[in-house]
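Here is the file upload-v5.cif (mmCIF, C-alpha atoms and all ligand atoms).
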data_start
loop_
_atom_site.label_atom_id
_atom_site.label_comp_id
_atom_site.auth_asym_id
_atom_site.auth_seq_id
_atom_site.Cartn_x
_atom_site.Cartn_y
_atom_site.Cartn_z
CA MET S 18 -2.37 26.82 65.14
CA VAL S 19 -0.38 23.71 65.89
CA THR S 20 -3.55 21.58 65.87
CA SER S 21 -4.62 22.89 62.45
CA ILE S 22 -1.18 22.11 60.96
CA GLY S 23 -1.48 18.63 62.48
CA TYR S 24 -4.93 18.30 60.94
CA LEU S 25 -3.64 19.29 57.51
CA LEU S 26 -0.78 16.80 57.79
CA VAL S 27 -3.03 13.94 58.81
CA SER S 28 -5.56 14.63 56.05
CA THR S 29 -2.82 14.91 53.40
CA ILE S 30 -1.33 11.60 54.49
CA SER S 31 -4.73 9.88 54.47
CA ILE S 32 -5.56 11.22 50.98
CA HIS S 33 -2.23 9.84 49.76
CA PHE S 34 -3.01 6.52 51.39
CA VAL S 35 -6.43 6.30 49.70
CA LEU S 36 -4.92 7.15 46.32
CA LEU S 37 -2.23 4.51 46.85
CA LEU S 38 -4.88 1.90 47.65
CA ALA S 39 -6.92 2.84 44.60
CA SER S 40 -3.93 2.63 42.27
CA ALA S 41 -3.01 -0.78 43.71
CA ALA S 42 -6.53 -2.06 43.08
CA SER S 43 -6.50 -0.95 39.44
CA ALA S 44 -2.85 -0.79 38.52
CA GLN S 45 -1.66 0.92 35.38
CA CYS S 46 -0.25 -1.91 33.34
CA GLY S 47 0.49 -0.59 29.92
CA TYR S 48 -0.20 2.33 27.68
CA ARG S 49 -3.58 3.64 28.99
CA CYS S 50 -4.60 0.17 30.26
CA VAL S 51 -5.84 -0.80 33.71
CA CYS S 52 -5.37 -4.23 35.30
CA ASN S 53 -6.54 -6.41 38.14
CA GLU S 54 -5.59 -10.04 38.81
CA THR S 55 -7.57 -11.38 35.86
CA THR S 56 -8.10 -8.62 33.33
CA VAL S 57 -6.16 -6.26 31.11
CA LYS S 58 -8.66 -3.55 30.30
CA CYS S 59 -7.90 -1.00 27.59
CA SER S 60 -11.40 -0.23 26.32
CA GLU S 61 -12.58 3.25 25.25
CA LYS S 62 -9.11 4.78 25.25
CA GLN S 63 -8.94 6.13 21.69
CA LEU S 64 -6.14 3.64 20.97
CA ARG S 65 -5.03 3.50 17.34
CA ASN S 66 -2.68 0.57 17.87
CA ILE S 67 -2.62 -2.45 20.12
CA PRO S 68 -0.36 -1.51 23.07
CA GLU S 69 2.83 -3.46 23.85
CA PHE S 70 1.64 -4.65 27.28
CA LYS S 71 5.24 -4.34 28.56
CA ARG S 72 4.18 -3.88 32.18
CA VAL S 73 1.84 -6.88 32.31
CA ASP S 74 3.63 -9.20 34.75
CA PHE S 75 0.74 -11.56 35.56
CA GLU S 76 -1.23 -14.05 33.49
CA PRO S 77 -4.58 -12.51 32.52
CA ASP S 78 -7.57 -14.53 31.32
CA THR S 79 -9.22 -11.52 29.65
CA ILE S 80 -7.92 -8.80 27.35
CA ASP S 81 -10.41 -6.08 26.54
CA LEU S 82 -9.47 -3.72 23.71
CA SER S 83 -13.01 -2.88 22.67
CA GLU S 84 -14.25 0.56 21.58
CA ASN S 85 -11.00 2.03 20.35
CA LYS S 86 -9.76 3.09 16.93
CA ILE S 87 -7.48 0.13 16.27
CA GLU S 88 -7.05 -0.55 12.55
CA GLU S 89 -4.78 -3.57 12.32
CA VAL S 90 -3.91 -6.76 14.18
CA THR S 91 -0.43 -7.99 13.24
CA GLU S 92 1.27 -11.32 13.87
CA TYR S 93 3.15 -9.70 16.80
CA SER S 94 0.19 -7.95 18.49
CA PHE S 95 -0.30 -10.66 21.14
CA VAL S 96 3.17 -12.18 21.34
CA HIS S 97 3.75 -11.97 25.11
CA PRO S 98 5.15 -14.52 27.59
CA LYS S 99 2.23 -13.96 29.99
CA PHE S 100 -0.60 -14.48 27.49
CA GLN S 101 -0.72 -18.28 27.65
CA LYS S 102 -3.95 -18.31 29.67
CA VAL S 103 -6.01 -15.70 27.86
CA LYS S 104 -9.49 -17.09 27.25
CA TYR S 105 -11.42 -13.96 26.31
CA LEU S 106 -10.23 -11.49 23.74
CA GLN S 107 -12.42 -8.52 22.88
CA ILE S 108 -11.37 -6.32 19.97
CA ASN S 109 -14.91 -5.47 18.95
CA ASP S 110 -15.98 -1.92 18.08
CA ASN S 111 -12.76 -0.80 16.47
CA GLU S 112 -11.79 0.13 12.91
CA ILE S 113 -9.94 -3.06 12.06
CA PHE S 114 -9.62 -3.68 8.34
CA ASN S 115 -6.68 -6.06 8.41
CA VAL S 116 -5.93 -9.10 10.57
CA HIS S 117 -2.81 -11.19 10.01
CA GLN S 118 -3.57 -14.88 9.58
CA SER S 119 -1.33 -15.77 12.59
CA ALA S 120 -2.41 -12.85 14.78
CA PHE S 121 -4.05 -15.07 17.41
CA ALA S 122 -1.92 -18.21 16.98
CA VAL S 123 0.06 -17.51 20.18
CA LEU S 124 -3.10 -17.35 22.32
CA THR S 125 -3.33 -21.10 22.77
CA SER S 126 -6.00 -21.00 25.52
CA LEU S 127 -8.35 -18.67 23.67
CA GLU S 128 -12.04 -19.62 23.89
CA PHE S 129 -13.92 -16.45 22.91
CA LEU S 130 -12.86 -14.03 20.22
CA ASP S 131 -14.95 -10.97 19.49
CA LEU S 132 -14.12 -9.08 16.29
CA SER S 133 -17.61 -7.67 15.79
CA ASN S 134 -18.24 -4.10 14.64
CA ASN S 135 -15.11 -3.60 12.60
CA GLN S 136 -14.26 -2.79 8.98
CA LEU S 137 -13.14 -6.22 7.77
CA ASP S 138 -13.96 -6.97 4.14
CA GLU S 139 -12.07 -10.24 4.21
CA ILE S 140 -10.52 -12.52 6.79
CA PRO S 141 -7.94 -15.31 6.37
CA SER S 142 -9.40 -18.81 6.68
CA GLU S 143 -6.57 -19.80 9.06
CA ILE S 144 -7.39 -17.02 11.52
CA ILE S 145 -8.35 -19.37 14.40
CA GLU S 146 -6.95 -22.64 13.08
CA LYS S 147 -4.25 -22.84 15.80
CA ASN S 148 -6.67 -21.93 18.61
CA THR S 149 -7.78 -25.48 19.30
CA LYS S 150 -9.87 -24.44 22.32
CA LEU S 151 -11.80 -21.70 20.62
CA LEU S 152 -15.55 -22.02 21.10
CA GLU S 153 -16.97 -18.77 19.81
CA LEU S 154 -16.02 -16.37 17.04
CA ASN S 155 -17.99 -13.18 16.57
CA LEU S 156 -17.57 -11.48 13.19
CA SER S 157 -20.91 -9.68 13.25
CA ASN S 158 -21.14 -6.22 11.68
CA ASN S 159 -18.24 -6.37 9.28
CA LEU S 160 -18.13 -5.69 5.53
CA PHE S 161 -17.46 -9.07 3.92
CA GLY S 162 -20.04 -8.71 1.15
CA LEU S 163 -19.14 -11.22 -1.55
CA ASN S 164 -16.10 -12.48 0.41
CA THR S 165 -18.05 -14.87 2.62
CA PRO S 166 -15.57 -16.06 5.29
CA THR S 167 -14.57 -19.72 5.30
CA ILE S 168 -13.26 -20.38 8.79
CA ILE S 169 -11.08 -23.39 9.54
CA SER S 170 -11.61 -24.62 13.10
CA ALA S 171 -11.89 -28.07 14.63
CA SER S 172 -13.38 -26.67 17.84
CA VAL S 173 -15.59 -23.65 17.20
CA LEU S 174 -19.24 -24.11 18.23
CA VAL S 175 -20.67 -20.65 17.67
CA LEU S 176 -20.06 -18.39 14.69
CA ASP S 177 -21.73 -15.01 14.27
CA LEU S 178 -21.79 -13.65 10.71
CA SER S 179 -24.82 -11.42 11.11
CA SER S 180 -24.95 -7.96 9.48
CA CYS S 181 -22.02 -8.63 7.16
CA LYS S 182 -23.69 -7.85 3.80
CA LEU S 183 -23.26 -11.51 2.76
CA LYS S 184 -24.83 -12.63 -0.51
CA THR S 185 -23.72 -16.23 -0.81
CA PHE S 186 -23.13 -19.16 1.47
CA THR S 187 -22.18 -22.62 0.21
CA GLU S 188 -21.26 -26.03 1.59
CA ASP S 189 -17.59 -25.02 1.20
CA ASN S 190 -18.04 -22.14 3.63
CA LEU S 191 -19.25 -24.60 6.23
CA LYS S 192 -17.18 -27.72 5.76
CA ALA S 193 -14.09 -26.51 7.67
CA THR S 194 -16.06 -26.04 10.91
CA PRO S 195 -17.31 -29.59 11.60
CA LYS S 196 -18.33 -28.90 15.19
CA LEU S 197 -20.33 -25.78 14.50
CA GLN S 198 -23.66 -25.81 16.35
CA ALA S 199 -24.93 -22.27 16.12
CA LEU S 200 -24.65 -20.03 13.07
CA TYR S 201 -25.97 -16.48 13.12
CA MET S 202 -26.53 -15.01 9.65
CA HIS S 203 -29.46 -12.66 10.16
CA ILE S 204 -29.46 -9.23 8.49
CA ASN S 205 -27.54 -10.06 5.33
CA ASN S 206 -28.30 -9.87 1.61
CA PHE S 207 -29.28 -13.46 0.92
CA HIS S 208 -31.86 -13.88 -1.85
CA HIS S 209 -31.58 -17.60 -2.02
CA LEU S 210 -29.75 -20.47 -0.29
CA ASP S 211 -29.78 -24.11 -1.21
CA TYR S 212 -30.99 -26.22 1.71
CA HIS S 213 -28.34 -28.85 0.82
CA VAL S 214 -25.79 -26.43 2.26
CA PHE S 215 -26.81 -27.36 5.80
CA ARG S 216 -27.61 -31.00 5.17
CA LYS S 217 -24.32 -32.49 6.36
CA SER S 218 -23.64 -30.05 9.16
CA ASN S 219 -24.21 -30.55 12.88
CA LEU S 220 -26.00 -27.25 13.15
CA LYS S 221 -28.63 -27.05 15.84
CA PHE S 222 -29.33 -23.37 15.48
CA LEU S 223 -29.41 -21.18 12.40
CA ASP S 224 -30.71 -17.63 12.23
CA ILE S 225 -31.29 -16.44 8.67
CA SER S 226 -34.09 -13.99 9.36
CA TYR S 227 -34.04 -10.43 8.01
CA ASN S 228 -32.74 -11.28 4.58
CA PRO S 229 -34.40 -10.19 1.32
CA TRP S 230 -35.47 -13.76 0.37
CA ARG S 231 -36.90 -14.26 -3.10
CA CYS S 232 -40.65 -14.81 -3.11
CA HIS S 233 -40.28 -18.17 -4.81
CA CYS S 234 -41.13 -21.81 -4.05
CA ASP S 235 -37.41 -22.54 -3.53
CA THR S 236 -37.41 -20.23 -0.55
CA ILE S 237 -40.44 -21.95 0.96
CA LYS S 238 -38.68 -25.28 0.38
CA LEU S 239 -35.55 -24.04 2.15
CA PHE S 240 -37.48 -23.05 5.26
CA GLU S 241 -39.60 -26.22 5.18
CA HIS S 242 -36.45 -28.33 5.24
CA LEU S 243 -34.65 -26.32 7.88
CA ILE S 244 -37.66 -26.41 10.16
CA LYS S 245 -38.35 -30.09 9.49
CA PHE S 246 -34.79 -31.04 10.43
CA GLY S 247 -34.91 -28.88 13.54
CA ILE S 248 -32.11 -26.57 12.39
CA THR S 249 -34.08 -23.37 12.38
CA LYS S 250 -36.39 -22.45 15.19
CA LEU S 251 -38.04 -19.25 14.15
CA GLN S 252 -38.34 -16.60 16.80
CA ARG S 253 -39.79 -14.02 14.47
CA ASN S 254 -41.45 -13.86 11.07
CA VAL S 255 -39.39 -14.40 7.95
CA GLN S 256 -40.26 -12.26 4.96
CA CYS S 257 -39.54 -12.51 1.27
CA LEU S 258 -39.04 -9.56 -1.05
CA HIS S 259 -41.22 -9.20 -4.16
CA SER S 260 -39.91 -7.58 -7.35
CA ASN S 261 -42.19 -4.62 -6.61
CA LYS S 262 -40.20 -4.16 -3.38
CA LEU S 263 -43.01 -5.32 -1.13
CA PHE S 264 -42.20 -7.71 1.67
CA GLU S 265 -44.41 -10.66 2.47
CA ASP S 266 -44.42 -12.91 5.52
CA ILE S 267 -43.61 -16.48 4.53
CA TYR S 268 -42.87 -18.24 7.80
CA GLY S 269 -43.37 -17.45 11.44
CA PRO S 270 -42.95 -19.08 14.84
CA SER S 271 -46.46 -20.50 14.43
CA GLY S 272 -45.79 -22.02 10.99
CA PRO S 273 -46.06 -21.15 7.30
CA PHE S 274 -48.15 -18.29 5.98
CA THR S 275 -50.33 -18.75 2.91
CA ASN S 276 -48.25 -17.76 -0.08
CA ASN S 277 -49.95 -16.94 -3.36
CA PHE S 278 -46.68 -17.15 -5.24
CA CYS S 279 -46.13 -20.79 -4.32
CA ILE S 280 -49.32 -22.78 -4.52
CA LYS S 281 -48.78 -26.46 -5.16
CA LYS S 282 -51.02 -29.45 -4.65
CA GLY S 283 -50.75 -30.58 -1.05
CA HIS S 284 -48.37 -27.76 -0.41
CA PHE S 285 -50.73 -25.07 0.62
CA ASN S 286 -54.44 -24.46 0.50
CA ASN S 287 -55.49 -23.95 -3.11
CA HIS S 288 -58.76 -22.14 -2.49
CA GLN S 289 -58.06 -18.67 -1.38
CA SER S 290 -60.50 -15.92 -0.73
CA ASP S 291 -59.60 -12.31 -1.42
CA SER S 292 -59.05 -11.75 2.26
CA GLN S 293 -56.29 -14.34 2.22
CA LYS S 294 -54.32 -12.52 -0.44
CA VAL S 295 -50.89 -11.14 0.30
CA GLN S 296 -51.12 -9.71 3.72
CA LEU S 297 -48.30 -7.55 4.91
CA LYS S 298 -47.88 -7.60 8.62
CA ASP S 299 -47.25 -4.32 10.36
CA ASP S 300 -45.97 -5.88 13.55
CA VAL S 301 -42.77 -7.17 12.00
CA GLU S 302 -40.28 -4.39 12.21
CA PRO S 303 -37.00 -5.12 10.48
CA VAL S 304 -33.85 -4.35 12.40
CA ALA S 305 -32.99 -0.73 11.92
CA ASN S 306 -29.32 -1.04 11.02
CA ASN S 307 -29.91 -3.05 7.87
CA GLN S 308 -29.98 -0.49 5.09
CA ASN S 309 -31.19 -3.01 2.55
CA PHE S 310 -34.18 -4.07 4.54
CA LYS S 311 -37.17 -1.83 4.09
CA PRO S 312 -40.27 -2.00 6.24
CA SER S 313 -43.11 -3.69 4.41
CA THR S 314 -45.50 -0.83 5.06
CA GLY S 315 -43.22 2.03 4.03
CA ASN S 316 -43.60 1.53 0.29
CA HIS S 317 -46.63 3.62 -0.49
CA GLN S 318 -45.17 6.43 1.52
CA GLU S 319 -41.93 6.07 -0.40
CA ASN S 320 -43.74 6.33 -3.73
CA VAL S 321 -45.48 9.49 -2.60
CA VAL S 322 -42.16 10.94 -1.45
CA ASN S 323 -40.62 10.06 -4.82
CA LEU S 324 -43.49 11.73 -6.65
CA VAL S 325 -43.22 14.89 -4.57
CA MET S 326 -39.47 14.99 -5.12
CA HIS S 327 -40.00 14.51 -8.85
CA PHE S 328 -42.48 17.40 -8.93
CA GLU S 329 -40.07 19.61 -6.97
CA VAL S 330 -37.27 18.94 -9.45
CA ILE S 331 -39.51 19.92 -12.38
CA LEU S 332 -40.66 23.07 -10.56
CA ILE S 333 -37.13 24.15 -9.66
CA THR S 334 -35.85 23.49 -13.19
CA GLY S 335 -38.78 25.55 -14.61
CA ILE S 336 -38.18 28.49 -12.27
CA ALA S 337 -34.44 28.38 -12.99
CA SER S 338 -35.00 28.51 -16.77
CA VAL S 339 -37.44 31.43 -16.44
CA ILE S 340 -34.89 33.34 -14.32
CA ILE S 341 -32.12 32.64 -16.86
CA VAL S 342 -34.25 33.79 -19.82
CA VAL S 343 -35.38 36.97 -18.00
CA SER S 344 -31.80 37.85 -16.99
CA LEU S 345 -30.55 37.26 -20.55
CA ILE S 346 -33.20 39.65 -21.93
CA THR S 347 -32.40 42.25 -19.23
CA LEU S 348 -28.70 41.94 -20.03
CA ALA S 349 -29.35 42.44 -23.73
CA VAL S 350 -31.45 45.55 -23.06
CA VAL S 351 -28.83 47.01 -20.69
CA VAL S 352 -26.01 46.36 -23.17
CA ARG S 353 -28.01 48.04 -25.91
CA ARG S 354 -28.63 51.13 -23.73
CA THR S 355 -25.13 51.52 -22.29
CA HIS S 356 -23.25 51.09 -25.53
CA PRO S 357 -25.23 53.13 -28.06
CA VAL S 358 -21.94 54.70 -29.39
CA GLN S 359 -20.85 51.44 -30.95
CA HIS S 360 -23.97 51.35 -33.05
CA THR S 361 -23.47 54.94 -34.17
CA VAL S 362 -19.87 54.28 -35.06
CA TYR S 363 -20.90 51.20 -36.94
CA ARG S 364 -23.50 53.10 -38.88
CA GLU S 365 -21.32 56.14 -39.40
CA VAL S 366 -18.39 54.32 -40.87
CA PRO S 367 -20.07 53.27 -44.08
CA THR S 368 -21.75 56.69 -44.30
CA GLU S 369 -18.36 58.41 -44.10
CA ALA S 370 -17.01 55.97 -46.58
CA THR S 371 -19.74 56.84 -49.05
CA PHE S 372 -18.85 60.55 -48.64
CA LEU S 373 -15.24 59.88 -49.50
C1 LIG S 401 -11.27 -7.25 37.10
O1 LIG S 401 -11.81 -6.27 36.22
C2 LIG S 401 -12.84 -6.75 35.39
C3 LIG S 401 -13.20 -5.66 34.39
O2 LIG S 401 -13.21 -4.40 34.94
C4 LIG S 401 -14.02 -7.20 36.24
O3 LIG S 401 -15.07 -7.66 35.43
C5 LIG S 401 -13.55 -8.30 37.17
O4 LIG S 401 -14.59 -8.68 38.03
C6 LIG S 401 -12.36 -7.85 37.99
N1 LIG S 401 -11.82 -8.99 38.73
C7 LIG S 401 -11.40 -8.91 39.97
C8 LIG S 401 -10.89 -10.18 40.57
O5 LIG S 401 -11.43 -7.88 40.61
C1 LIG S 402 -21.79 -10.69 18.47
O1 LIG S 402 -21.60 -9.31 18.63
C2 LIG S 402 -22.78 -8.55 18.45
C3 LIG S 402 -22.40 -7.08 18.45
O2 LIG S 402 -21.36 -6.79 19.31
C4 LIG S 402 -23.75 -8.94 19.54
O3 LIG S 402 -24.93 -8.19 19.42
C5 LIG S 402 -24.07 -10.42 19.40
O4 LIG S 402 -24.94 -10.84 20.43
C6 LIG S 402 -22.80 -11.25 19.45
N1 LIG S 402 -23.11 -12.63 19.08
C7 LIG S 402 -23.11 -13.65 19.91
C8 LIG S 402 -23.42 -14.98 19.35
O5 LIG S 402 -22.85 -13.52 21.10
#
Taking this structure as input, can you express it in the form of structure tokens?
Amino acid sequence: MVTSIGYLLVSTISIHFVLLLASAASAQCGYRCVCNETTVKCSEKQLRNIPEFKRVDFEPDTIDLSENKIEEVTEYSFVHPKFQKVKYLQINDNEIFNVHQSAFAVLTSLEFLDLSNNQLDEIPSEIIEKNTKLLELNLSNNLFGLNTPTIISASVLVLDLSSCKLKTFTEDNLKATPKLQALYMHINNFHHLDYHVFRKSNLKFLDISYNPWRCHCDTIKLFEHLIKFGITKLQRNVQCLHSNKLFEDIYGPSGPFTNNFCIKKGHFNNHQSDSQKVQLKDDVEPVANNQNFKPSTGNHQENVVNLVMHFEVILITGIASVIIVVSLITLAVVVRRTHPVQHTVYREVPTEATFL
């Protein structure tokens, strides 16, 4: 009896001890956040707001707020005496639609800022202007559309603007980031870009694949220049989009394809056999999350689907009208049968009147 009580006591104490150790290793350090010596981790906690970090009493180099439901970043979100050494800030995979232009100004050591996978349809140009050590800004998967961001930064080397529904990009969008070396703009809605845009930049890497490029000589010229000046190294085929919604390969890692729509002297081979005509490659699968990018082979199928749908609509409309007509006739017959008195009355009245 005594030994079993002793046993219970010892095991209870040891469980408490283990729990104590565990909580020390990953201390609670703010509303739903967990910390160690370097990191404040608040990811996947269903947060709607950025917490106040009141209990953070050490100087973290990383703040991870990814995969929450945060909607706004205000100018006070990161005002904290211990945030002078933060290098990595992850606020990706949230629902942010609004960022104050000074939101990150207090994070003077910031090097990497990830705002990807949010709902931003615009972003202030000054957003990282004060972060003079910032190297990388990720804005991928936002909703900028026609509001192409113009970022002011004397330090940033890498900028990711992929999957942002962008339509335009000019020299002005680029001139405030003089040190930029890598620009990611794949999966957007570019039809055309002037190669002059990149002429004065220090870009060493540019990804503009998976855009619905116009099938036009200008597009070929753009890629010729970018490749010639070593800006674009193609890792996959680039396609242009014809007015009949067919995609055609125009450039690939192994060089240019033969393009019927742009045949110039000395440009491409003038003598083309039938077999060299527009060939649509099956092996180039566009990235799935771009709604505007349709696989080059899916078009025939789409037409068939459209036709079938069209036929179905006609059929359903036809059946519906037949049903309506039949029910109207039935209704008329029923009304006639169930209210015969009215007719009699109607006929009798004048008869009576003639008797009078
Ligand atoms: C602190 O936590 C982060 C994220 O969980 C982890 O990557 C890092 O290695 C940890 N650092 C230390 C010193 O335990
Ligand atoms: C930016 O974020 C996206 C999505 O989170 C990621 O796939 C991509 O690799 C990041 N870009 C860079 C340059 O690291």
When the cut-off is 10 Å and you count only C-alpha atoms and all ligand atoms, which residues lie near ligand LIG 402 (chain S), shown as a list of chain:residue names? S:Ser83, S:Gln107, S:Asn109, S:Asp110, S:Phe129, S:Leu130, S:Asp131, S:Leu132, S:Ser133, S:Asn134, S:Asn135, S:Glu153, S:Leu154, S:Asn155, S:Leu156, S:Ser157, S:Asn158, S:Val175, S:Leu176, S:Asp177, S:Leu178, S:Ser179, S:Ser180, S:Ala199, S:Leu200, S:Tyr201
Contacts between ligand LIG 401 (chain S) and chain S, please, where a residue of chain S counts if it comes within 7 Å (with all atoms listed in the file); show its shortest atom pair and distance in Å to one decimal, rows by chain and ascending number, as CSV.
residue,atom,partner,partner_atom,distance
S:Cys52,CA,S:LIG401,O1,6.8
S:Asn53,CA,S:LIG401,C1,4.9
S:Glu54,CA,S:LIG401,C8,5.6
S:Thr55,CA,S:LIG401,N1,5.7
S:Thr56,CA,S:LIG401,C1,5.1
S:Lys58,CA,S:LIG401,C3,6.5
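Distance annotation: of S:Thr91, S:Ser142, S:Asn254, S:Asn85, the residue with the minimal separation from Glu61 of chain S is S:Asn85; atom set is all atoms listed in the file.
The residues that lie within 9 Å of the point (-17.1, -8.7, 6.0), counting all atoms listed in the file, are Asn135, Gln136, Leu137, Asp138, Glu139, Ile140, Leu156, Ser157, Asn158, Asn159, Leu160, Phe161, Gly162, Leu163, Asn164, Thr165, Pro166, Leu178, Ser180, Cys181, Lys182 and Leu183 of chain S.
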Of the candidates S:Asn277, S:Asn261, S:Asn228, S:Asn66, which shows the shortest atom-to-atom distance to Tyr48 of chain S, using only C-alpha atoms?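 Closest to Tyr48 of chain S of all the choices is S:Asn66.
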With all atoms listed in the file as the counted atoms, please give the residues lying no more than 9 Å from Leu151 of chain S, apart from itself and same-chain residues fewer than 6 positions off, as a list of chain:residue names. S:Lys104, S:Thr125, S:Ser126, S:Leu127, S:Glu128, S:Phe129, S:Leu130, S:Ile145, S:Ser170, S:Ala171, S:Ser172, S:Val173, S:Leu174
Tell me, in Å to one decimal, how far atom CA of Lys217 of chain S is from atom CA of Thr236 of chain S.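 Value for the atom CA of Lys217 of chain S-atom CA of Thr236 of chain S distance: 19.2 Å.
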Which one is closest to Ile225 of chain S: S:His203, S:Lys192, S:Lys245, S:His213? Count only C-alpha atoms.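 Under the stated criterion, the closest residue is S:His203.
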Could you please determine the separation between atom CA of Cys59 of chain S and atom CA of Glu146 of chain S in Å, to one decimal place?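 These two atoms are separated by 26.1 Å.
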Quick one: distance from atom CA of Phe264 of chain S to atom CA of Asn190 of chain S in Å, one decimal?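 Between atom CA of Phe264 of chain S and atom CA of Asn190 of chain S the gap works out to 28.2 Å.
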Residues within 8 Å of segment 209-212 of chain S, only C-alpha atoms, excluding chain neighbours under 2 positions, as a PyMOL selection string: chain S and resi 185-187+207+214-216+230-231+235-236+238-239+242-243
Where's the centre, and what are the edge lengths in Å to one decimal, of a box along x, y and z enclosing all listed atoms of segment 255-267 of chain S padded 5 Å per side, as AutoDock Vina command-line options?
--center_x -41.7 --center_y -10.3 --center_z 0.3 --size_x 15.4 --size_y 22.3 --size_z 25.3
